[in-house]
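Input: a single structure, listed below in structure tokens.
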Amino acid sequence: MKTIFTRIIFLLLLTIFHFANAQVPKPEDVYGFKVGADYELADYNQILDYLGQLAEASPRVIKTEIGKSVLGKPMLLLFISSEENLAKLEEYRQISESMARAKIDEATAIQYSKEGKAVIWIDGGMHASEKAHGQMTSELAWRVATEESDEMKKIRDNVIFVLMPVMNPDGLDIVVDWYRQQLGTPFETTNPPWLYHHYVGHDNNRDWFMNNMPETYHVNEELYNKWYPQIVYNQHQTGPSWSRIFVPPFSDPVNPSIHPGVTTGTNLIGTAMTNRFAMKNMSGVVSHLQYSMWWNGGGRTTPYFHNMIGILTETSHATPTPRFYPPDSIPKYIGHSRGNVTVDGTKIFYPYPWKGGESHFRDAVDYMITGSMGVLDYAADRKEELLYNIYKMGKDAVNGTILDSCYAYVIPTTTWDEGEAINLVNILRGGGIEVHQASKEFKVGDKKYKEGSFIIYAEQAFRPYLTDLMEKQNYPNKEEYPGGPPVPPYDLAGWTLPMQMGVAVDKISDPFEVKTQEITGRSSITPGKVKKANYGYILSGKNNAAYNVINKLLASGVSIYRITEASGEISQGDFIIAGAHDQVTELATEHGVDFTGINEAPSISKQEMHKPKVGIYKSWVPNMDEGWTRWLLTEYNFDWDTLHDSDIRTRDLSQFDAIIIPNQSTEQILNGHRKGFMPEEYTGGMGLEGSLMIKQYVEKGGTLITFDRASDFVIDQFGLPVKNPVKGLSDKQFFIPGSLIRTDIDTSNPLAFGMQEQVAASFNRSRAFEILVKENVGEGGNEKTVKVGARPDVTTVANYAKEDLLMSGWALNEKKSIGGKGALMRVGYGNGNVILFGFRPQFRGQPRVTYKLVFNSIYAGATVEEIEK
């Protein structure tokens, strides 16, 4: 009788569960089509609608908003687990934090590893042009919440599944709208002719330590200051041609700051995923190609430096439009022409090749869900191991067992730009680094530090992250074959933050005594000092924040002058502010700059300024550098306007004090998209007519600013007396891939006012400059009676250093190729000026030490004739 009763109860409960799940909507119930259907995409409003209904209908789903995107769309997180686990969600979060921070003892860690749940993060929708993963997450959420298989019950019992359905909601709508507009046209499979993130496009996955964008800021708060997942799975969709999906293990090199437990853990999970695909007869899974574990700053790489396992998959078929791959056209190799990944099934990392045939959007969805299930299943089976391992790796970091860097880093209060010192601290805090501040003056050796200095102790769980951002990178020299060309790194080779930000940091090896307070949240700006006076104020030009202040004051009509000759305590490049007594206190508090009062206008050489208006060239070929330029000028309150190709040809350009052409190739600037490859209105570039209009703009007194590759365009089109000496060199002859190069600055030049005398320039396969002068040489001899040509109107503002050029990263033949050569040139042209940057001074918003070169270049076009003393 008892057995019968038990069976009745079991059947009753089973019926209740099935009934409850039947009430939980599937994605297709809301979208009107199955996820991954040919020619169909859900927009973000539809996704929000569905996820809201899912969370409301299922007790196994909690939905929360973590912030807003750059255009104001809500960013959602889903927590999916058993009802019992979700009822104790905060308890499991605290366990996850305790294990990751590694401040508990061994016995407590073992206890927590048994009591806790694995916290697993999976996201989609970061790169919006990779369309499947932002769609797939809706179905993945529904399946984990509702399926009643033994495997899924195990997952819900042992895992807190943290799902970020769409990392880039703005981009998802941009791409969906474009696809719907082009459906049925020859341009159905193209991507929009503008960035799929408002500012940075593809670089939204290059912002994971800087936190410049709100999306990365909000997500990093969840990852490194709140939830501390043991696995972070970042979905992408650029699978190698003729494969179905890339999964770990990754290629060499691995960054030596990363704990080997992270590397081996990543390999284990990647292998488990590959095995799952094989057992489901899903072919085309490849590993050990292209992607490495060196670079910090990506969605799956930054977790490595936090002792978290980072998983990247790159799945093929990124469009809802079906494709056919002729089976008789399979290439001999996949990945790259030099690759050794053959398609005959004889390779360890590609044992089950795909044979081609029909390919559909749904295939990509199936591969992504299968990969996600492989990660979740692994975590459910080994949750105790995952929890304990993150503790063990954190404890190793605290003890310096694997990585023994130093005792502490100290950032003095007396640094060149105090605001950037605070920015550096807050970048570290955003990545979960513990930072203290001295509450009293202290001494280390013979050096005294003032109260307020920042101390970052190395003995913390995230020591790998701290060390990697603070120390020089030394990328290993890799060749395609012995004596062959270098193998480019995946993304960057060097990125050391104090170098990029121009912040002095002292590395202290031995313990010292100091009374401190730990910073919670972010370090706030110390309000600047205001010394009132009758006439106005002096504002230093050394701080980046000063330029924000100056633009605000100019916009309000305040008279401002730029000092061009040092006198006493007043430096070249400082600003004279006439009046503004009712504004300076608020500005000093907001921006942390000091205003020194003066009772009368200084008798000193100066230039009167007006608020500059800037034009930013924007090609219909999406350009991340253009987006970063827009972002920078917006952040510092410059008045800017976009100039498309037709604007260059037809608008009155004289209204702009300066025009910027961001880094872009000559071909893209001149010709853009070819006809027939995009809708007619988005084809072509500025053309020769546009180039002529730019030339006339400069001749009439305009200021043209060009970054990196765009400088080649102007040199060629204008016939400037400057050449790029590394143009045409092979990678074997000269190679600097994403590194920091020592650069000497002529700080007496107005374009370099406020700069330090030596800085790090972000050199990314960039260029250098030499001045061209006609020489009296012919047929191998000197022409004694022929005069040497007149030196052209060219000023070198910055040179790459003659010695010890490489500060961080990797460089080949740098001294011979660019040592002592120009990095920033001013070239007089007619009544105007061309300002040529050989590098990108605003690259990804990281090299803040070179921002002022951009600001000063803009101001050069917005000053009147010099006013004598």
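By order of appearance in the structure tokens: chains A, B, ..., then residues from 1 within every chain, and ligands from 1 in the order shown.
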Identify, with DSSP run on backbone atoms, the residues in region 608-744 of chain A assigned to alpha helix (DSSP H), and express the list as number ranges by chain.
A: 624-635, 645-650, 666-671, 687-699, 709-718
What's around Val621 (chain A) at 7 Å? Count only C-alpha atoms, leave out sequence neighbours fewer than 2 positions away in its own chain, and write the answer as a PDB file with N, CA and C atoms, in the first residue's frame.
```pdb
ATOM      1  N   PRO A 193      26.855  49.410 -43.067  1.00  0.00           N
ATOM      2  CA  PRO A 193      27.994  50.284 -43.399  1.00  0.00           C
ATOM      3  C   PRO A 193      28.347  51.233 -42.254  1.00  0.00           C
ATOM      4  N   TRP A 194      28.044  50.838 -41.054  1.00  0.00           N
ATOM      5  CA  TRP A 194      28.422  51.594 -39.862  1.00  0.00           C
ATOM      6  C   TRP A 194      28.736  50.599 -38.748  1.00  0.00           C
ATOM      7  N   SER A 619      33.956  57.142 -43.161  1.00  0.00           N
ATOM      8  CA  SER A 619      33.726  56.369 -44.380  1.00  0.00           C
ATOM      9  C   SER A 619      32.521  55.460 -44.196  1.00  0.00           C
ATOM     10  N   ASN A 623      34.699  51.851 -39.418  1.00  0.00           N
ATOM     11  CA  ASN A 623      36.066  52.087 -38.974  1.00  0.00           C
ATOM     12  C   ASN A 623      36.076  52.301 -37.467  1.00  0.00           C
ATOM     13  N   GLN A 668      40.392  52.583 -48.848  1.00  0.00           N
ATOM     14  CA  GLN A 668      39.058  52.750 -48.265  1.00  0.00           C
ATOM     15  C   GLN A 668      38.638  54.208 -48.248  1.00  0.00           C
ATOM     16  N   GLY A 672      36.169  53.488 -50.911  1.00  0.00           N
ATOM     17  CA  GLY A 672      35.106  52.888 -50.124  1.00  0.00           C
ATOM     18  C   GLY A 672      34.675  51.536 -50.647  1.00  0.00           C
ATOM     19  N   HIS A 673      33.376  51.248 -50.534  1.00  0.00           N
ATOM     20  CA  HIS A 673      32.818  50.011 -51.090  1.00  0.00           C
ATOM     21  C   HIS A 673      32.687  50.135 -52.610  1.00  0.00           C
TER      22      HIS A 673
END
```
I need the residues in region 9-211 of chain A that are strand (DSSP E) according to DSSP; give them as JSON, numbers by chain.
{"A": [61, 62, 63, 64, 65, 66, 67, 68, 74, 75, 76, 77, 78, 79, 80, 118, 119, 120, 121, 122, 123, 159, 160, 161, 162, 163, 164]}
Nearby residues (only C-alpha atoms) at most 7 Å from region 98-107 of chain A, same-chain spacing under 4 positions excluded, as a list in words
Gln94, Gln111, Tyr228, Leu387, Ile390, Tyr391, Gly394, Lys395 and Ala461 of chain A
Now that the selection is made, can you save its residues with all heavy atoms as a CSV table (one decimal), in the first residue's frame?
```
chain,number,residue,atom,x,y,z
A,94,GLN,N,28.2,34.5,-2.2
A,94,GLN,CA,29.2,34.7,-1.1
A,94,GLN,C,30.2,33.6,-1.1
A,94,GLN,O,31.4,33.9,-0.9
A,94,GLN,CB,28.5,34.9,0.2
A,94,GLN,CG,27.7,36.2,0.4
A,94,GLN,CD,27.1,36.3,1.7
A,94,GLN,OE1,27.3,35.5,2.6
A,94,GLN,NE2,26.1,37.2,1.9
A,111,GLN,N,35.3,22.9,2.8
A,111,GLN,CA,33.9,22.9,3.2
A,111,GLN,C,33.0,23.6,2.2
A,111,GLN,O,32.0,23.1,1.7
A,111,GLN,CB,33.7,23.5,4.6
A,111,GLN,CG,32.2,23.6,5.0
A,111,GLN,CD,32.1,24.5,6.3
A,111,GLN,OE1,33.1,24.6,7.1
A,111,GLN,NE2,30.9,24.9,6.6
A,228,TYR,N,32.1,36.3,-9.5
A,228,TYR,CA,33.4,35.5,-9.6
A,228,TYR,C,33.2,34.1,-10.1
A,228,TYR,O,33.4,33.1,-9.5
A,228,TYR,CB,34.0,35.4,-8.2
A,228,TYR,CG,34.2,36.7,-7.5
A,228,TYR,CD1,33.2,37.2,-6.7
A,228,TYR,CD2,35.3,37.4,-7.6
A,228,TYR,CE1,33.3,38.4,-6.0
A,228,TYR,CE2,35.5,38.6,-7.0
A,228,TYR,CZ,34.5,39.1,-6.2
A,228,TYR,OH,34.6,40.4,-5.6
A,387,LEU,N,35.4,24.8,-7.8
A,387,LEU,CA,35.4,25.7,-6.6
A,387,LEU,C,36.7,25.7,-5.9
A,387,LEU,O,37.3,26.7,-5.5
A,387,LEU,CB,34.3,25.4,-5.7
A,387,LEU,CG,32.9,25.9,-6.2
A,387,LEU,CD1,31.8,25.2,-5.3
A,387,LEU,CD2,32.8,27.4,-6.1
A,390,ILE,N,39.8,27.3,-8.0
A,390,ILE,CA,39.9,28.8,-8.0
A,390,ILE,C,40.4,29.3,-6.7
A,390,ILE,O,41.2,30.3,-6.7
A,390,ILE,CB,38.5,29.4,-8.4
A,390,ILE,CG1,38.8,30.8,-9.0
A,390,ILE,CG2,37.5,29.4,-7.3
A,390,ILE,CD1,37.6,31.5,-9.6
A,391,TYR,N,40.1,28.6,-5.6
A,391,TYR,CA,40.6,29.0,-4.3
A,391,TYR,C,42.1,28.7,-4.3
A,391,TYR,O,42.9,29.6,-3.9
A,391,TYR,CB,39.9,28.2,-3.2
A,391,TYR,CG,40.7,28.2,-1.9
A,391,TYR,CD1,40.7,29.2,-1.0
A,391,TYR,CD2,41.5,27.0,-1.6
A,391,TYR,CE1,41.5,29.2,0.1
A,391,TYR,CE2,42.2,27.0,-0.4
A,391,TYR,CZ,42.2,28.1,0.4
A,391,TYR,OH,43.0,28.1,1.6
A,394,GLY,N,44.0,31.2,-6.3
A,394,GLY,CA,44.0,32.4,-5.6
A,394,GLY,C,45.0,32.4,-4.5
A,394,GLY,O,45.7,33.4,-4.2
A,395,LYS,N,45.0,31.3,-3.7
A,395,LYS,CA,46.0,31.2,-2.6
A,395,LYS,C,47.4,31.2,-3.1
A,395,LYS,O,48.3,31.8,-2.5
A,395,LYS,CB,45.6,30.0,-1.8
A,395,LYS,CG,46.5,29.8,-0.5
A,395,LYS,CD,46.2,31.0,0.5
A,395,LYS,CE,44.8,30.8,1.1
A,395,LYS,NZ,44.6,31.9,2.2
A,461,ALA,N,44.6,37.6,-4.5
A,461,ALA,CA,44.2,36.5,-5.4
A,461,ALA,C,44.4,36.9,-6.8
A,461,ALA,O,44.7,36.0,-7.7
A,461,ALA,CB,42.8,36.1,-5.1
```
Polymer residues at most 7 Å from Met609 (chain A), only C-alpha atoms, same-chain spacing of 6 or more positions, as a ChimeraX atom specification
/A:560-562,862-864
So which one's closest to Gly452 (chain A), A:Asp177, A:Glu770, A:Glu418, A:Glu222? Using only C-alpha atoms, please.
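Comparing A:Asp177, A:Glu770, A:Glu418, A:Glu222 against Gly452 (chain A), the winner is A:Glu418.
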Might you pull out every residue within 8 Å of Glu130 (chain A), with only C-alpha atoms counted and same-chain residues fewer than 4 positions away left off, and present them as a VMD selection string?
chain A and resid 125 236 to 238 318 to 319
Contacts between region 274-296 of chain A and region 113-219 of chain A, please, where a residue of region 113-219 of chain A counts if it comes within 9 Å (with only C-alpha atoms); show its shortest atom pair and distance in Å to one decimal, rows by chain and ascending number, as JSON lines.
```
{"residue": "A:Arg206", "atom": "CA", "partner": "A:Asn296", "partner_atom": "CA", "distance": 8.7}
{"residue": "A:Trp208", "atom": "CA", "partner": "A:Asn296", "partner_atom": "CA", "distance": 8.0}
{"residue": "A:Phe209", "atom": "CA", "partner": "A:Asn296", "partner_atom": "CA", "distance": 7.7}
```
Go ahead and write the selection's residues with all heavy atoms as a PDB file, in the first residue's frame.
```pdb
ATOM      1  N   ARG A 206      37.575  44.432 -26.903  1.00  0.00           N
ATOM      2  CA  ARG A 206      38.960  44.830 -26.656  1.00  0.00           C
ATOM      3  C   ARG A 206      39.030  45.835 -25.506  1.00  0.00           C
ATOM      4  O   ARG A 206      40.031  46.490 -25.307  1.00  0.00           O
ATOM      5  CB  ARG A 206      39.566  45.473 -27.922  1.00  0.00           C
ATOM      6  CG  ARG A 206      39.517  44.593 -29.174  1.00  0.00           C
ATOM      7  CD  ARG A 206      40.404  43.370 -29.033  1.00  0.00           C
ATOM      8  NE  ARG A 206      40.487  42.576 -30.247  1.00  0.00           N
ATOM      9  CZ  ARG A 206      39.668  41.579 -30.564  1.00  0.00           C
ATOM     10  NH1 ARG A 206      38.665  41.258 -29.753  1.00  0.00           N
ATOM     11  NH2 ARG A 206      39.840  40.887 -31.676  1.00  0.00           N
ATOM     12  N   TRP A 208      38.231  45.139 -22.109  1.00  0.00           N
ATOM     13  CA  TRP A 208      37.895  44.424 -20.877  1.00  0.00           C
ATOM     14  C   TRP A 208      38.807  44.718 -19.701  1.00  0.00           C
ATOM     15  O   TRP A 208      38.584  44.181 -18.615  1.00  0.00           O
ATOM     16  CB  TRP A 208      37.802  42.930 -21.160  1.00  0.00           C
ATOM     17  CG  TRP A 208      36.596  42.650 -22.000  1.00  0.00           C
ATOM     18  CD1 TRP A 208      36.561  42.455 -23.347  1.00  0.00           C
ATOM     19  CD2 TRP A 208      35.241  42.595 -21.555  1.00  0.00           C
ATOM     20  NE1 TRP A 208      35.268  42.282 -23.777  1.00  0.00           N
ATOM     21  CE2 TRP A 208      34.440  42.368 -22.691  1.00  0.00           C
ATOM     22  CE3 TRP A 208      34.619  42.727 -20.312  1.00  0.00           C
ATOM     23  CZ2 TRP A 208      33.054  42.248 -22.613  1.00  0.00           C
ATOM     24  CZ3 TRP A 208      33.244  42.607 -20.246  1.00  0.00           C
ATOM     25  CH2 TRP A 208      32.478  42.366 -21.384  1.00  0.00           C
ATOM     26  N   PHE A 209      39.831  45.543 -19.871  1.00  0.00           N
ATOM     27  CA  PHE A 209      40.467  46.072 -18.657  1.00  0.00           C
ATOM     28  C   PHE A 209      40.304  47.578 -18.543  1.00  0.00           C
ATOM     29  O   PHE A 209      40.334  48.127 -17.452  1.00  0.00           O
ATOM     30  CB  PHE A 209      41.947  45.657 -18.528  1.00  0.00           C
ATOM     31  CG  PHE A 209      42.861  46.035 -19.657  1.00  0.00           C
ATOM     32  CD1 PHE A 209      43.233  47.340 -19.879  1.00  0.00           C
ATOM     33  CD2 PHE A 209      43.384  45.054 -20.480  1.00  0.00           C
ATOM     34  CE1 PHE A 209      44.107  47.675 -20.903  1.00  0.00           C
ATOM     35  CE2 PHE A 209      44.259  45.371 -21.510  1.00  0.00           C
ATOM     36  CZ  PHE A 209      44.617  46.696 -21.716  1.00  0.00           C
TER      37      PHE A 209
END
```
If we count only C-alpha atoms, what is near Asp574 (chain A) at a cut-off of 10 Å, once residues fewer than 5 positions away on the same chain are taken out, given as a list in words?
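Neighbouring residues, sequence-local ones excluded: Ile538, Leu539, Ser540, Gly541, Lys542, Ala546, Tyr561, Arg562, Ile563, Thr564, Glu565, Ala566, Lys606, Phe753 and Gly754 of chain A.
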Considering only C-alpha atoms, return as number ranges by chain whatever protein or nucleic-acid residues lie within 8 Å of Ala860 (chain A), sequence-local ones (same chain, fewer than 4 positions apart) excluded.
A: 703, 750-751, 856
Could the residues in this selection be saved with C-alpha atoms as an mmCIF file, in the first residue's frame?
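part22.cif written:
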```cif
data_model
loop_
_atom_site.group_PDB
_atom_site.id
_atom_site.type_symbol
_atom_site.label_atom_id
_atom_site.label_comp_id
_atom_site.auth_asym_id
_atom_site.auth_seq_id
_atom_site.Cartn_x
_atom_site.Cartn_y
_atom_site.Cartn_z
ATOM 1 C CA THR A 703 44.061 72.223 -39.924
ATOM 2 C CA PRO A 750 52.475 74.083 -29.047
ATOM 3 C CA LEU A 751 51.267 70.699 -30.298
ATOM 4 C CA ASN A 856 46.589 70.428 -28.843
#
```
What does the distance between CA of Val530 (chain A) and CA of Asn543 (chain A) come to in Å, to one decimal place?
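Pair CA of Val530 (chain A) / CA of Asn543 (chain A) returns 15.8 Å.
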Pick from A:Gly809, A:Pro165, A:Pro464, A:Gly701, whichever lies nearest to Leu492 (chain A) using only C-alpha atoms:
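Under the stated criterion, the closest residue is A:Gly809.
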Take CA of Val435 (chain A) and CA of Leu632 (chain A) and report the distance between them in Å, one decimal.
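These two atoms are separated by 27.1 Å.
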How many Å separate CA of Pro322 (chain A) from CA of Gly270 (chain A)?
28.0 Å
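Nearest-residue note for Ser766 (chain A): choosing from A:Leu805, A:Val365, A:Ala823, A:Ile525, the minimum distance belongs to A:Ala823, counting only C-alpha atoms.
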